[in-house]
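protein13.cif follows (mmCIF, C-alpha atoms and all ligand atoms):
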data_structure
#
loop_
_atom_site.label_atom_id
_atom_site.label_comp_id
_atom_site.auth_asym_id
_atom_site.auth_seq_id
_atom_site.Cartn_x
_atom_site.Cartn_y
_atom_site.Cartn_z
CA MET A 1 0.00 0.00 0.00
CA GLN A 2 2.89 2.35 -0.62
CA GLN A 3 1.42 3.70 -3.80
CA ALA A 4 -1.11 6.30 -2.56
CA ASN A 5 -1.47 9.02 -5.19
CA LYS A 6 0.52 12.00 -6.33
CA GLN A 7 -1.64 14.59 -4.62
CA ASN A 8 -1.48 12.96 -1.22
CA GLY A 9 2.08 11.66 -1.21
CA ARG A 10 2.95 8.30 0.26
CA ALA A 11 1.00 6.30 2.81
CA ALA A 12 2.04 6.27 6.47
CA MET A 13 -0.36 3.35 6.96
CA GLY A 14 -2.35 1.35 4.49
CA LEU A 15 -4.99 -1.33 4.61
CA ASN A 16 -5.08 -3.90 1.87
CA HIS A 17 -8.43 -5.75 1.56
CA VAL A 18 -8.84 -5.90 5.32
CA SER A 19 -11.77 -7.75 6.86
CA TYR A 20 -12.42 -8.43 10.50
CA ALA A 21 -15.01 -10.82 11.90
CA ASP A 22 -15.85 -11.55 15.50
CA ASP A 23 -17.95 -14.63 16.28
CA ASP A 24 -18.82 -14.94 12.59
CA LEU A 25 -20.10 -11.37 12.62
CA ASP A 26 -18.54 -9.34 9.82
CA ILE A 27 -17.49 -6.06 11.42
CA ILE A 28 -15.00 -4.77 8.83
CA LYS A 29 -15.64 -5.72 5.22
CA ASP A 30 -12.87 -5.67 2.63
CA VAL A 31 -11.50 -2.23 3.42
CA SER A 32 -8.60 -0.86 1.36
CA GLY A 33 -7.40 2.62 2.10
CA PHE A 34 -4.52 4.66 3.46
CA LEU A 35 -3.45 7.47 5.73
CA PRO A 36 -1.41 9.99 3.72
CA GLU A 37 1.90 10.68 5.47
CA GLY A 38 2.06 13.91 7.45
CA LYS A 39 -1.63 14.68 6.88
CA ILE A 40 -4.71 14.72 9.06
CA THR A 41 -7.25 12.11 7.97
CA THR A 42 -10.68 12.29 9.54
CA PHE A 43 -12.95 9.28 9.91
CA VAL A 44 -16.67 9.98 9.76
CA GLY A 45 -19.77 7.81 9.58
CA PRO A 46 -22.68 6.67 11.71
CA SER A 47 -22.16 5.07 15.08
CA GLY A 48 -21.44 1.35 14.67
CA ALA A 49 -19.85 1.89 11.23
CA GLY A 50 -16.58 0.26 12.33
CA LYS A 51 -14.39 3.34 12.84
CA THR A 52 -13.09 2.37 16.28
CA THR A 53 -12.53 -1.19 15.06
CA ILE A 54 -10.31 0.17 12.26
CA PHE A 55 -8.24 1.99 14.91
CA ARG A 56 -7.90 -1.17 16.98
CA LEU A 57 -6.64 -2.93 13.84
CA LEU A 58 -4.19 -0.10 13.04
CA ASN A 59 -2.87 -0.20 16.59
CA GLY A 60 -2.50 -3.99 16.60
CA LEU A 61 -4.98 -4.53 19.44
CA ILE A 62 -6.79 -6.93 17.11
CA SER A 63 -5.64 -8.60 13.90
CA PRO A 64 -7.40 -8.72 10.54
CA THR A 65 -9.28 -11.90 9.70
CA GLN A 66 -8.25 -11.25 6.10
CA GLY A 67 -5.96 -8.80 4.36
CA ASP A 68 -3.00 -6.92 5.74
CA ILE A 69 -1.99 -3.59 7.22
CA HIS A 70 1.22 -1.72 6.50
CA LEU A 71 3.14 0.90 8.42
CA PHE A 72 5.59 2.71 6.13
CA GLY A 73 5.59 -0.38 3.95
CA GLU A 74 6.12 -2.90 6.73
CA ASN A 75 3.42 -5.45 7.49
CA ILE A 76 2.40 -4.75 11.09
CA GLN A 77 1.79 -8.45 11.70
CA THR A 78 5.54 -8.99 11.51
CA MET A 79 6.36 -6.15 13.93
CA GLU A 80 6.95 -6.42 17.67
CA PRO A 81 3.64 -5.39 19.28
CA THR A 82 5.47 -2.98 21.60
CA ALA A 83 7.35 -1.38 18.70
CA LEU A 84 4.08 -0.99 16.83
CA ARG A 85 2.38 0.66 19.80
CA ARG A 86 5.28 3.03 20.31
CA THR A 87 5.07 4.11 16.68
CA VAL A 88 1.28 4.26 16.50
CA GLY A 89 -0.17 6.12 19.49
CA ILE A 90 -3.83 6.25 20.43
CA ALA A 91 -5.96 8.67 22.47
CA LEU A 92 -9.56 8.02 23.41
CA GLN A 93 -12.64 10.09 24.20
CA ASP A 94 -12.59 9.46 27.95
CA ALA A 95 -8.83 10.18 28.36
CA THR A 96 -8.46 7.32 30.83
CA MET A 97 -6.06 8.22 33.66
CA LEU A 98 -4.29 6.41 36.46
CA ARG A 99 -5.06 7.69 39.94
CA GLY A 100 -2.35 10.07 41.06
CA THR A 101 -0.36 12.92 39.63
CA VAL A 102 -0.02 14.26 36.13
CA TYR A 103 3.64 13.21 36.25
CA LYS A 104 2.70 9.60 37.03
CA ASN A 105 0.35 9.60 34.05
CA LEU A 106 2.87 11.13 31.68
CA ALA A 107 5.47 8.61 32.81
CA MET A 108 3.20 5.62 32.22
CA PRO A 109 4.46 4.74 28.71
CA LYS A 110 8.01 4.74 30.12
CA THR A 111 7.01 2.83 33.26
CA LEU A 112 5.57 0.11 31.01
CA GLN A 113 9.05 -0.20 29.47
CA ASN A 114 10.75 -0.18 32.88
CA GLN A 115 12.14 3.25 32.16
CA ALA A 116 11.85 6.60 33.88
CA LEU A 117 10.58 9.86 32.43
CA GLU A 118 12.94 12.75 33.19
CA GLN A 119 11.30 15.69 34.97
CA ASP A 120 12.57 18.06 32.28
CA GLU A 121 11.13 15.89 29.56
CA ALA A 122 7.80 15.79 31.41
CA LYS A 123 7.80 19.60 31.67
CA HIS A 124 8.64 19.89 28.00
CA LEU A 125 5.70 17.64 27.14
CA LEU A 126 3.41 19.86 29.16
CA THR A 127 4.51 22.97 27.28
CA GLN A 128 3.94 21.11 24.01
CA VAL A 129 0.28 20.78 24.96
CA GLY A 130 -0.04 24.33 26.30
CA LEU A 131 0.11 23.56 30.04
CA ASP A 132 2.71 24.95 32.42
CA ALA A 133 5.14 22.97 34.54
CA SER A 134 3.10 23.50 37.72
CA PHE A 135 0.68 20.83 36.43
CA LEU A 136 3.25 18.11 36.97
CA ASN A 137 2.42 17.48 40.61
CA ARG A 138 -1.31 18.06 40.39
CA ASP A 139 -3.72 15.23 40.98
CA VAL A 140 -5.52 14.25 37.78
CA THR A 141 -8.86 14.19 39.59
CA ASP A 142 -8.58 17.99 39.98
CA LEU A 143 -8.31 18.60 36.23
CA SER A 144 -11.01 19.75 33.82
CA GLY A 145 -12.02 17.56 30.89
CA GLY A 146 -10.00 19.71 28.51
CA GLN A 147 -6.90 19.53 30.71
CA ARG A 148 -7.23 15.77 31.02
CA GLN A 149 -7.44 15.43 27.27
CA LYS A 150 -4.30 17.55 26.86
CA ILE A 151 -2.48 15.33 29.34
CA SER A 152 -3.73 12.29 27.47
CA ILE A 153 -2.29 13.72 24.23
CA ALA A 154 0.99 14.65 25.94
CA ARG A 155 1.20 11.05 27.16
CA THR A 156 0.88 9.72 23.62
CA LEU A 157 3.85 11.93 22.63
CA VAL A 158 6.23 10.33 25.16
CA ASN A 159 7.14 7.59 22.68
CA ARG A 160 7.49 10.06 19.78
CA PRO A 161 4.89 8.31 17.64
CA LYS A 162 4.88 8.62 13.86
CA VAL A 163 1.12 8.09 13.71
CA LEU A 164 -1.52 9.23 16.19
CA LEU A 165 -5.02 7.74 16.30
CA LEU A 166 -7.58 10.02 17.96
CA ASP A 167 -10.96 8.49 18.75
CA GLU A 168 -13.57 11.22 19.37
CA ILE A 169 -11.21 13.06 21.69
CA THR A 170 -13.26 16.26 21.76
CA SER A 171 -16.72 14.70 22.04
CA SER A 172 -17.17 15.53 25.71
CA LEU A 173 -15.37 18.90 25.66
CA ASP A 174 -16.84 22.39 25.54
CA ARG A 175 -16.29 24.64 22.54
CA ILE A 176 -13.21 26.40 23.91
CA SER A 177 -11.43 23.23 25.02
CA THR A 178 -12.35 21.63 21.69
CA SER A 179 -10.74 24.47 19.80
CA GLU A 180 -7.63 24.30 22.00
CA VAL A 181 -7.28 20.57 21.42
CA GLU A 182 -7.75 21.07 17.67
CA HIS A 183 -4.93 23.64 17.61
CA LEU A 184 -2.77 21.39 19.69
CA ILE A 185 -3.22 18.50 17.27
CA GLN A 186 -2.48 20.76 14.31
CA HIS A 187 0.71 21.81 16.11
CA VAL A 188 1.74 18.19 16.72
CA ASN A 189 0.96 17.36 13.10
CA LYS A 190 3.06 20.21 11.68
CA GLU A 191 5.84 20.43 14.27
CA PHE A 192 6.67 16.73 14.46
CA SER A 193 5.24 15.60 11.08
CA VAL A 194 3.01 13.14 12.90
CA THR A 195 0.41 11.52 10.65
CA ILE A 196 -3.00 11.90 12.28
CA ALA A 197 -6.14 9.78 12.01
CA TRP A 198 -9.07 11.40 13.78
CA ILE A 199 -12.53 9.89 14.32
CA THR A 200 -15.09 12.62 14.75
CA HIS A 201 -18.88 12.71 14.70
CA ASN A 202 -18.68 16.44 14.00
CA LEU A 203 -18.67 17.07 10.25
CA ASP A 204 -17.72 20.73 10.68
CA GLN A 205 -14.68 19.57 12.62
CA ALA A 206 -13.81 17.10 9.87
CA LEU A 207 -14.09 19.88 7.29
CA HIS A 208 -11.92 22.41 9.05
CA ILE A 209 -9.33 20.10 10.59
CA GLY A 210 -8.82 17.39 7.99
CA ASP A 211 -6.87 17.16 4.77
CA TYR A 212 -8.25 13.78 3.85
CA THR A 213 -11.38 11.84 4.84
CA TRP A 214 -12.68 8.32 5.13
CA VAL A 215 -16.45 7.88 5.19
CA MET A 216 -17.37 4.57 6.79
CA MET A 217 -20.72 2.82 6.91
CA ASN A 218 -21.71 -0.64 7.98
CA GLY A 219 -18.12 -1.90 8.15
CA GLU A 220 -17.20 -0.58 4.72
CA LEU A 221 -15.13 2.32 3.47
CA ILE A 222 -17.76 4.00 1.31
CA GLU A 223 -15.77 6.98 0.12
CA SER A 224 -12.32 8.45 0.75
CA GLY A 225 -10.33 11.37 -0.58
CA SER A 226 -9.72 15.04 0.03
CA THR A 227 -12.01 16.42 2.75
CA ASP A 228 -13.85 18.29 -0.01
CA ILE A 229 -15.74 15.07 -0.72
CA LEU A 230 -17.82 15.93 2.35
CA LYS A 231 -19.04 19.05 0.56
CA ASN A 232 -20.00 17.25 -2.64
CA PRO A 233 -20.34 13.56 -1.95
CA VAL A 234 -20.83 11.33 -4.97
CA ASN A 235 -22.27 8.35 -3.14
CA PRO A 236 -26.03 8.64 -2.38
CA GLN A 237 -25.56 6.98 1.04
CA VAL A 238 -22.94 9.56 1.93
CA GLN A 239 -25.26 12.35 0.72
CA GLU A 240 -27.98 10.96 3.00
CA PHE A 241 -25.62 10.74 5.98
CA ILE A 242 -24.35 14.28 5.53
CA LYS A 243 -27.87 15.67 5.13
CA GLY A 244 -28.85 13.92 8.36
CA GLU A 245 -25.86 15.32 10.25
CA GLY A 246 -25.97 18.86 8.84
N1 LIG B 301 -15.86 -7.19 20.22
C1 LIG B 301 -16.99 -7.06 19.52
N2 LIG B 301 -17.88 -8.05 19.48
C2 LIG B 301 -19.02 -7.92 18.78
N3 LIG B 301 -19.34 -6.83 18.09
C3 LIG B 301 -18.50 -5.81 18.10
C4 LIG B 301 -17.27 -5.85 18.81
N4 LIG B 301 -16.64 -4.68 18.63
C5 LIG B 301 -17.43 -3.94 17.83
N5 LIG B 301 -18.55 -4.61 17.51
C6 LIG B 301 -19.61 -4.18 16.61
O1 LIG B 301 -18.94 -3.78 15.44
C7 LIG B 301 -19.55 -2.67 14.86
C8 LIG B 301 -18.56 -1.56 14.68
O2 LIG B 301 -18.26 -0.97 15.94
P1 LIG B 301 -17.28 0.26 16.12
O3 LIG B 301 -16.02 -0.03 15.42
O4 LIG B 301 -17.21 0.54 17.57
O5 LIG B 301 -18.06 1.43 15.35
P2 LIG B 301 -17.90 3.01 15.44
O6 LIG B 301 -16.64 3.33 16.14
O7 LIG B 301 -17.93 3.46 14.02
O8 LIG B 301 -19.11 3.52 16.17
C9 LIG B 301 -20.73 -2.33 15.75
O9 LIG B 301 -21.89 -2.89 15.22
C10 LIG B 301 -20.36 -2.98 17.07
O10 LIG B 301 -21.50 -3.29 17.80
MG MG B 302 -16.31 4.44 17.88
#
Starting from the file, give its structure as structure tokens.
Ligand SMILES: Nc1ncnc2c1ncn2[C@@H]1O[C@H](COP(=O)(O)OP(=O)(O)O)[C@@H](O)[C@H]1O
Ligand SMILES: [Mg+2]
Amino acid sequence: MQQANKQNGRAAMGLNHVSYADDDLDIIKDVSGFLPEGKITTFVGPSGAGKTTIFRLLNGLISPTQGDIHLFGENIQTMEPTALRRTVGIALQDATMLRGTVYKNLAMPKTLQNQALEQDEAKHLLTQVGLDASFLNRDVTDLSGGQRQKISIARTLVNRPKVLLLDEITSSLDRISTSEVEHLIQHVNKEFSVTIAWITHNLDQALHIGDYTWVMMNGELIESGSTDILKNPVNPQVQEFIKGEG
């Protein structure tokens, strides 16, 4: 799946005829598509369409029943799971935290590798997500939803991922925090050339944040391409979906 096309450069990750079934239930059906390197790709589609399942496949939490997935040309099935998860980070809607301090949470990816996170590095991570160093010793239970999400994003940066998967990370945030998190992700994307995949149920967000879009329905990739396809969808099902959301 290295080909991609001229306009969108090469693929950071690609799926090649990927299907996934659980208990004989077809959840992902013959999906081929890619994440253009260095771009933000948004994933839209109705709830239950299979978007989160695609992320779990990309992150190696589950394996395809058929087909294969590539990361910069390498089949992820042949990679060390830990190496894959260091390269492909994931952040979720609820920004799950360990009890304790911000530092403890930021250090978690290192702790899992029996390593320590330097205080200076932790402070640097905080500034990357627009929080000051005084947050380091705060208890995560005292943080707002927006602050927790920023910490969750900072935590994904500890391993210097090449790809970041964001699953509805602004769904429970207010407008201001949402906008801050959007800017933060754009910063991460540009500053570190991290390829972003972002599931959102907000079509406006997809339009203003994304370069490229996947529209998923019923386990299939119905349409993909420049985000402009959301303005003028070709597929009648996509037209219906966008009318319903708009
Ligand atoms: N482990 C599982 N076992 C059975 N069904 C599942 C499992 N995981 C997901 N599904 C089903 O797969 C479909 C896709 O789910 P999901 O990927 O979470 O969709 P989305 O993120 O687009 O809302 C849904 O119908 C869901 O109920
Ligand atoms: Mg989901």
Suppose you want the space between CA of Thr111 (chain A) and CA of Asp94 (chain A); what is it in Å? 21.4 Å
Give me the residues within 6 Å of region 160-174 of chain A as a ChimeraX atom specification, counting all atoms listed in the file and dropping any in the same chain fewer than 4 places off. /A:86-93,178,194-200
Could you give me, as a tab-separated table, a per-residue list for chain A showing, wherever an atom lies at most 12 Å from an atom of ligand LIG 301 (chain B), the closest pair of atoms and their distance in Å to one decimal, using all atoms listed in the file and sorting by chain then residue number from low to high?
residue	atom	partner	partner_atom	distance
A:Ser19	CA	B:LIG301	O1	11.9
A:Tyr20	CA	B:LIG301	O1	9.4
A:Ala21	CA	B:LIG301	C2	8.5
A:Asp22	CA	B:LIG301	N2	5.7
A:Asp23	CA	B:LIG301	C2	7.2
A:Asp24	CA	B:LIG301	C2	9.4
A:Leu25	CA	B:LIG301	C2	7.1
A:Asp26	CA	B:LIG301	O1	7.9
A:Ile27	CA	B:LIG301	O1	4.8
A:Ile28	CA	B:LIG301	C8	7.6
A:Lys29	CA	B:LIG301	C8	10.7
A:Phe43	CA	B:LIG301	O7	8.7
A:Val44	CA	B:LIG301	O7	7.9
A:Gly45	CA	B:LIG301	O7	6.5
A:Pro46	CA	B:LIG301	O7	6.2
A:Ser47	CA	B:LIG301	O8	3.6
A:Gly48	CA	B:LIG301	O5	3.4
A:Ala49	CA	B:LIG301	O7	3.7
A:Gly50	CA	B:LIG301	O3	3.2
A:Lys51	CA	B:LIG301	O7	3.7
A:Thr52	CA	B:LIG301	O6	3.7
A:Thr53	CA	B:LIG301	O3	3.7
A:Ile54	CA	B:LIG301	O3	6.5
A:Phe55	CA	B:LIG301	O3	8.1
A:Arg56	CA	B:LIG301	O3	8.3
A:Leu57	CA	B:LIG301	O3	9.9
A:Leu61	CA	B:LIG301	N1	11.2
A:Ile62	CA	B:LIG301	N1	9.6
A:Leu92	CA	B:LIG301	O6	11.2
A:Gln93	CA	B:LIG301	O6	11.3
A:Leu166	CA	B:LIG301	O6	11.4
A:Asp167	CA	B:LIG301	O6	8.1
A:Glu168	CA	B:LIG301	O6	9.1
A:Trp198	CA	B:LIG301	O6	11.3
A:Ile199	CA	B:LIG301	O6	8.0
A:Thr200	CA	B:LIG301	O6	9.5
A:His201	CA	B:LIG301	O8	9.3
A:Trp214	CA	B:LIG301	O7	11.4
A:Val215	CA	B:LIG301	O7	10.0
A:Met216	CA	B:LIG301	O7	7.3
A:Met217	CA	B:LIG301	O7	7.7
A:Asn218	CA	B:LIG301	C8	7.5
A:Gly219	CA	B:LIG301	C8	6.6
A:Glu220	CA	B:LIG301	C8	10.1
A:Leu221	CA	B:LIG301	O7	11.0
Calculate how many Å separate CA of Asp228 (chain A) from CA of Asp68 (chain A), rounding to one decimal. 28.0 Å
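The spacing separating CA of Met97 (chain A) from CA of Thr42 (chain A) amounts to 24.9 Å.
Considering all atoms listed in the file, the residue among A:Gln128, A:Gln147, A:Asn189, A:Gln237 positioned nearest to Ser177 (chain A) is A:Gln147.
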Residue among A:Phe72, A:Phe192, A:Phe241, A:Tyr103 lying closest to Ile151 (chain A), counting all atoms listed in the file: A:Tyr103
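Neighbouring residues of Val18 (chain A) at 9 Å or closer, counting all atoms listed in the file and skipping chain neighbours under 6 positions away, are A:Ile28, A:Lys29, A:Asp30, A:Val31, A:Ser32, A:Pro64, A:Thr65, A:Gln66, A:Gly67, A:Asp68, A:Ile69.
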Report the centre and edge lengths, in Å to one decimal, of an axis-aligned box enclosing every atom of region 85-88 of chain A listed in the file, padded by 6 Å on each side, as lines of an AutoDock Vina configuration file.
center_x = 3.3
center_y = 2.5
center_z = 18.4
size_x = 16.0
size_y = 15.6
size_z = 15.8
